[in-house]
$ cat upload31.cif   # mmCIF, C-alpha atoms
data_start
#
loop_
_atom_site.label_atom_id
_atom_site.label_comp_id
_atom_site.auth_asym_id
_atom_site.auth_seq_id
_atom_site.Cartn_x
_atom_site.Cartn_y
_atom_site.Cartn_z
CA MET A 1 -30.68 -33.15 -120.64
CA GLY A 2 -28.15 -31.90 -118.04
CA TYR A 3 -27.04 -35.28 -116.62
CA THR A 4 -24.77 -38.16 -117.58
CA ALA A 5 -24.64 -41.91 -117.19
CA LYS A 6 -22.20 -41.32 -114.33
CA ASN A 7 -24.83 -39.22 -112.51
CA ILE A 8 -27.34 -42.04 -112.88
CA ILE A 9 -24.86 -44.59 -111.55
CA THR A 10 -24.08 -42.40 -108.55
CA GLN A 11 -27.77 -42.24 -107.71
CA ALA A 12 -28.28 -45.98 -108.35
CA ARG A 13 -25.44 -46.73 -105.96
CA LYS A 14 -27.13 -44.74 -103.20
CA PHE A 15 -30.38 -46.68 -103.64
CA GLU A 16 -28.48 -49.96 -103.70
CA GLU A 17 -26.58 -49.14 -100.50
CA ALA A 18 -29.82 -48.12 -98.75
CA SER A 19 -31.34 -51.41 -99.90
CA LEU A 20 -28.45 -53.36 -98.37
CA LEU A 21 -28.76 -51.49 -95.07
CA LEU A 22 -32.48 -52.28 -94.86
CA GLU A 23 -31.88 -55.90 -95.82
CA GLN A 24 -29.23 -56.23 -93.11
CA LYS A 25 -31.60 -54.68 -90.57
CA THR A 26 -34.31 -57.16 -91.63
CA ILE A 27 -31.93 -60.08 -91.25
CA GLU A 28 -30.97 -58.88 -87.77
CA MET A 29 -34.64 -58.52 -86.81
CA THR A 30 -35.45 -61.93 -88.26
CA LYS A 31 -32.70 -63.57 -86.24
CA LEU A 32 -34.13 -62.01 -83.12
CA GLN A 33 -37.58 -63.32 -84.02
CA ASN A 34 -36.13 -66.76 -84.76
CA SER A 35 -37.76 -66.84 -88.22
CA THR A 36 -36.63 -69.19 -90.98
CA ASN A 37 -37.57 -67.14 -94.04
CA PRO A 38 -35.87 -63.71 -94.14
CA VAL A 39 -36.83 -62.90 -97.75
CA SER A 40 -40.53 -63.66 -97.70
CA ILE A 41 -42.70 -61.28 -99.69
CA GLN A 42 -46.27 -61.32 -98.52
CA ARG A 43 -49.16 -58.92 -98.57
CA GLN A 44 -48.88 -58.29 -94.85
CA SER A 45 -45.22 -59.04 -94.34
CA THR A 46 -43.84 -58.96 -90.84
CA ASP A 47 -40.31 -59.33 -92.14
CA GLY A 48 -39.01 -55.93 -91.11
CA TYR A 49 -37.92 -53.78 -93.98
CA ILE A 50 -37.80 -56.32 -96.80
CA GLU A 51 -40.32 -54.56 -99.04
CA PRO A 52 -38.55 -51.17 -98.96
CA SER A 53 -35.24 -52.97 -99.40
CA LEU A 54 -36.48 -54.78 -102.50
CA ALA A 55 -38.08 -51.64 -103.94
CA LEU A 56 -34.78 -49.79 -103.61
CA PHE A 57 -32.89 -52.76 -105.06
CA GLY A 58 -35.24 -52.93 -108.05
CA PHE A 59 -34.90 -49.20 -108.59
CA SER A 60 -31.11 -49.41 -108.48
CA LEU A 61 -31.11 -52.10 -111.19
CA GLU A 62 -33.43 -49.95 -113.27
CA LEU A 63 -31.08 -46.99 -112.95
CA TYR A 64 -27.98 -49.06 -113.77
CA LEU A 65 -29.62 -50.28 -116.99
CA LYS A 66 -30.70 -46.74 -117.85
CA ALA A 67 -27.11 -45.56 -117.34
CA ILE A 68 -25.79 -48.19 -119.75
CA PHE A 69 -28.43 -47.19 -122.29
CA LEU A 70 -27.56 -43.49 -121.96
CA HIS A 71 -23.86 -44.28 -122.31
CA GLU A 72 -24.48 -46.32 -125.47
CA ASN A 73 -27.04 -44.05 -127.12
CA GLY A 74 -26.37 -40.54 -125.85
CA LYS A 75 -30.01 -40.16 -124.86
CA PRO A 76 -32.08 -41.34 -121.89
CA THR A 77 -34.74 -44.04 -121.83
CA CYS A 78 -37.69 -44.58 -119.53
CA GLY A 79 -39.67 -47.39 -117.96
CA HIS A 80 -39.57 -49.58 -114.87
CA GLU A 81 -39.60 -53.10 -116.31
CA ILE A 82 -36.14 -54.65 -116.06
CA PRO A 83 -36.51 -57.03 -119.07
CA LYS A 84 -37.67 -54.20 -121.34
CA LEU A 85 -34.81 -51.97 -120.24
CA TYR A 86 -32.38 -54.83 -120.81
CA GLU A 87 -33.78 -55.42 -124.31
CA LYS A 88 -33.16 -51.77 -125.21
CA LEU A 89 -29.41 -52.19 -124.65
CA GLY A 90 -26.97 -52.76 -127.48
CA SER A 91 -26.18 -56.33 -128.45
CA GLU A 92 -22.69 -56.23 -126.89
CA SER A 93 -24.09 -55.14 -123.54
CA LYS A 94 -26.85 -57.75 -123.61
CA THR A 95 -24.38 -60.50 -124.46
CA SER A 96 -21.92 -59.37 -121.81
CA ILE A 97 -24.57 -59.18 -119.07
CA LYS A 98 -26.11 -62.53 -119.91
CA GLU A 99 -22.77 -64.32 -120.14
CA SER A 100 -21.57 -62.79 -116.88
CA PHE A 101 -24.78 -63.95 -115.18
CA GLU A 102 -24.50 -67.47 -116.57
CA ASN A 103 -20.81 -67.74 -115.63
CA SER A 104 -21.37 -66.67 -112.03
CA THR A 105 -24.69 -68.29 -111.13
CA GLN A 106 -23.49 -71.80 -110.31
CA GLN A 107 -20.76 -70.57 -107.98
CA TYR A 108 -23.20 -68.18 -106.34
CA LEU A 109 -25.59 -71.04 -105.63
CA ILE A 110 -22.79 -73.19 -104.24
CA ASP A 111 -21.54 -70.35 -102.03
CA ASN A 112 -25.05 -69.72 -100.70
CA CYS A 113 -26.43 -73.26 -100.49
CA SER A 114 -26.95 -73.00 -96.73
CA PHE A 115 -29.25 -70.04 -97.29
CA PHE A 116 -31.19 -71.56 -100.17
CA GLY A 117 -31.57 -74.93 -98.47
CA GLU A 118 -33.22 -77.66 -100.46
CA ASN A 119 -34.72 -75.38 -103.10
CA ASN A 120 -33.31 -75.89 -106.57
CA TYR A 121 -32.73 -72.42 -107.92
CA SER A 122 -30.21 -73.53 -110.55
CA GLN A 123 -33.08 -74.08 -113.00
CA ILE A 124 -33.89 -70.38 -113.19
CA SER A 125 -32.66 -68.91 -116.45
CA PHE A 126 -31.35 -65.43 -117.00
CA GLU A 127 -34.60 -64.46 -118.72
CA GLU A 128 -36.67 -65.85 -115.85
CA SER A 129 -34.53 -63.95 -113.35
CA LEU A 130 -35.15 -60.71 -115.24
CA GLU A 131 -38.88 -61.43 -115.30
CA GLN A 132 -38.88 -62.01 -111.53
CA LEU A 133 -37.16 -58.65 -111.08
CA SER A 134 -39.46 -56.93 -113.55
CA ASP A 135 -41.46 -54.09 -112.09
CA LEU A 136 -40.15 -54.92 -108.61
CA PHE A 137 -39.77 -51.22 -107.91
CA VAL A 138 -43.44 -50.62 -108.73
CA LYS A 139 -45.13 -53.70 -107.27
CA VAL A 140 -43.30 -53.91 -103.97
CA ARG A 141 -44.15 -50.29 -103.22
CA TYR A 142 -47.82 -51.20 -103.60
CA ILE A 143 -47.67 -54.69 -102.15
CA TYR A 144 -50.97 -54.19 -100.35
CA GLU A 145 -52.67 -54.25 -103.78
CA TYR A 146 -51.43 -57.77 -104.50
CA PRO A 147 -53.09 -60.40 -102.29
CA LYS A 148 -50.42 -62.93 -103.18
CA MET A 149 -47.27 -61.84 -104.90
CA GLU A 150 -44.80 -64.62 -105.48
CA LYS A 151 -41.38 -63.71 -106.76
CA ASN A 152 -38.26 -65.81 -106.80
CA LEU A 153 -35.53 -63.29 -106.15
CA SER A 154 -32.84 -65.79 -105.29
CA LEU A 155 -30.63 -64.80 -108.21
CA ARG A 156 -30.97 -61.05 -107.84
CA GLU A 157 -27.32 -60.73 -106.80
CA PRO A 158 -25.90 -62.49 -109.90
CA VAL A 159 -28.12 -60.27 -112.08
CA ARG A 160 -26.88 -57.17 -110.24
CA GLN A 161 -23.27 -58.28 -110.51
CA ALA A 162 -23.61 -58.98 -114.24
CA ILE A 163 -24.95 -55.46 -114.81
CA ILE A 164 -22.17 -53.97 -112.66
CA ASN A 165 -19.58 -55.95 -114.63
CA ARG A 166 -20.87 -54.37 -117.84
CA ILE A 167 -20.69 -50.89 -116.33
CA ASN A 168 -17.08 -51.63 -115.37
CA GLN A 169 -16.29 -52.90 -118.88
CA LEU A 170 -17.69 -49.71 -120.40
CA GLN A 171 -15.66 -47.63 -117.92
CA ILE A 172 -18.55 -45.23 -117.45
CA ILE A 173 -17.03 -44.13 -114.15
CA HIS A 174 -13.33 -43.82 -113.34
CA TYR A 175 -13.29 -46.53 -110.66
CA PRO A 176 -14.64 -50.10 -110.68
CA LEU A 177 -17.90 -50.85 -108.90
CA ASP A 178 -18.16 -54.05 -106.90
#

$ encode --input "upload31.cif" --output "structure tokens"
Amino acid sequence: MGYTAKNIITQARKFEEASLLLEQKTIEMTKLQNSTNPVSIQRQSTDGYIEPSLALFGFSLELYLKAIFLHENGKPTCGHEIPKLYEKLGSESKTSIKESFENSTQQYLIDNCSFFGENNYSQISFEESLEQLSDLFVKVRYIYEYPKMEKNLSLREPVRQAIINRINQLQIIHYPLD
């Protein structure tokens, strides 16, 4: 095998940071275009770099979950679907991630209410959030194949943070991720 969970996390972090750079660039472009929906996912999106940003984000989540699995089991796992990767984790990791998500979601929604507007995203469960993120890495790369792809990605940050919290708890790397 020749690699460790730490190696996977290092790579995941690079994809996540690239995703954030592209998302920021998209937001800047959207402001210039005076658009009101910076996270629209459409077949022929004109929203800058949102699709590549989301593909990289989805891939980073996939890698983070694979790192936890490797750390727990001493062997790698495969697949792109976030819920299936989550289900492969040990019970302590699953409980920790889900509880962290549930504990942080309400505050996240309050802190970002100006962005979310009148939409009520508080009804989205942890499981639904994972499903919305499922195969994001695959489908967004081939968005032209999906005439209408609707995904509610509003809680992607609390999901990411819950997974990061678990990585920090496990102390897979010698410094805390944020």

$ resolve_selection --input "upload31.cif" --expression "the PyMOL selection byres ((chain A and resi 72) around 10)" --output "ChimeraX atom specification"
/A:5,66-71,73-76,89-90,93,170

$ closest_residue --input "upload31.cif" --among "A:Ile110, A:Leu130, A:Ile27, A:Leu56" --to "A:Lys98" --atoms "all atoms listed in the file"
A:Leu130

$ axis_aligned_box --input "upload31.cif" --around "stretch 52-58 of chain A" --padding-each-side "6 Å" --output "AutoDock Vina command-line options"
--center_x -35.7 --center_y -52.3 --center_z -103.5 --size_x 17.7 --size_y 17.0 --size_z 21.1

$ residues_around --input "upload31.cif" --residues "A:Val159" --least-positions-apart "6" --cutoff "12 Å" --atoms "only C-alpha atoms" --output "tab-separated table (two decimals) with C-alpha atoms, in the frame of the given file"
chain	number	residue	atom	x	y	z
A	57	PHE	CA	-32.89	-52.76	-105.06
A	58	GLY	CA	-35.24	-52.93	-108.05
A	60	SER	CA	-31.11	-49.41	-108.48
A	61	LEU	CA	-31.11	-52.10	-111.19
A	62	GLU	CA	-33.43	-49.95	-113.27
A	64	TYR	CA	-27.98	-49.06	-113.77
A	65	LEU	CA	-29.62	-50.28	-116.99
A	82	ILE	CA	-36.14	-54.65	-116.06
A	83	PRO	CA	-36.51	-57.03	-119.07
A	86	TYR	CA	-32.38	-54.83	-120.81
A	94	LYS	CA	-26.85	-57.75	-123.61
A	96	SER	CA	-21.92	-59.37	-121.81
A	97	ILE	CA	-24.57	-59.18	-119.07
A	98	LYS	CA	-26.11	-62.53	-119.91
A	99	GLU	CA	-22.77	-64.32	-120.14
A	100	SER	CA	-21.57	-62.79	-116.88
A	101	PHE	CA	-24.78	-63.95	-115.18
A	102	GLU	CA	-24.50	-67.47	-116.57
A	103	ASN	CA	-20.81	-67.74	-115.63
A	104	SER	CA	-21.37	-66.67	-112.03
A	105	THR	CA	-24.69	-68.29	-111.13
A	108	TYR	CA	-23.20	-68.18	-106.34
A	124	ILE	CA	-33.89	-70.38	-113.19
A	125	SER	CA	-32.66	-68.91	-116.45
A	126	PHE	CA	-31.35	-65.43	-117.00
A	127	GLU	CA	-34.60	-64.46	-118.72
A	128	GLU	CA	-36.67	-65.85	-115.85
A	129	SER	CA	-34.53	-63.95	-113.35
A	130	LEU	CA	-35.15	-60.71	-115.24
A	131	GLU	CA	-38.88	-61.43	-115.30
A	132	GLN	CA	-38.88	-62.01	-111.53
A	133	LEU	CA	-37.16	-58.65	-111.08
A	134	SER	CA	-39.46	-56.93	-113.55
A	153	LEU	CA	-35.53	-63.29	-106.15
A	165	ASN	CA	-19.58	-55.95	-114.63
A	166	ARG	CA	-20.87	-54.37	-117.84

$ closest_residue --input "upload31.cif" --among "A:Ala12, A:Ile50, A:Arg141, A:Asn7" --to "A:Lys25" --atoms "all atoms listed in the file"
A:Ile50

$ atom_distance --input "upload31.cif" --atom1 "atom CA of A:Glu51" --atom2 "atom CA of A:Gln161"
20.9 Å

$ closest_residue --input "upload31.cif" --among "A:Leu63, A:Thr26, A:Ile172, A:Gln107" --to "A:Arg13" --atoms "all atoms listed in the file"
A:Leu63

$ atom_distance --input "upload31.cif" --atom1 "atom CA of A:Phe137" --atom2 "atom CA of A:His174"
28.0 Å

$ atom_distance --input "upload31.cif" --atom1 "atom CA of A:Ala55" --atom2 "atom CA of A:Leu155"
15.7 Å

$ closest_residue --input "upload31.cif" --among "A:Phe59, A:Leu54, A:Thr95, A:Cys78" --to "A:Ser154" --atoms "all atoms listed in the file"
A:Leu54

$ closest_residue --input "upload31.cif" --among "A:Glu81, A:Glu17, A:Glu23, A:Asp111" --to "A:Asp135" --atoms "only C-alpha atoms"
A:Glu81
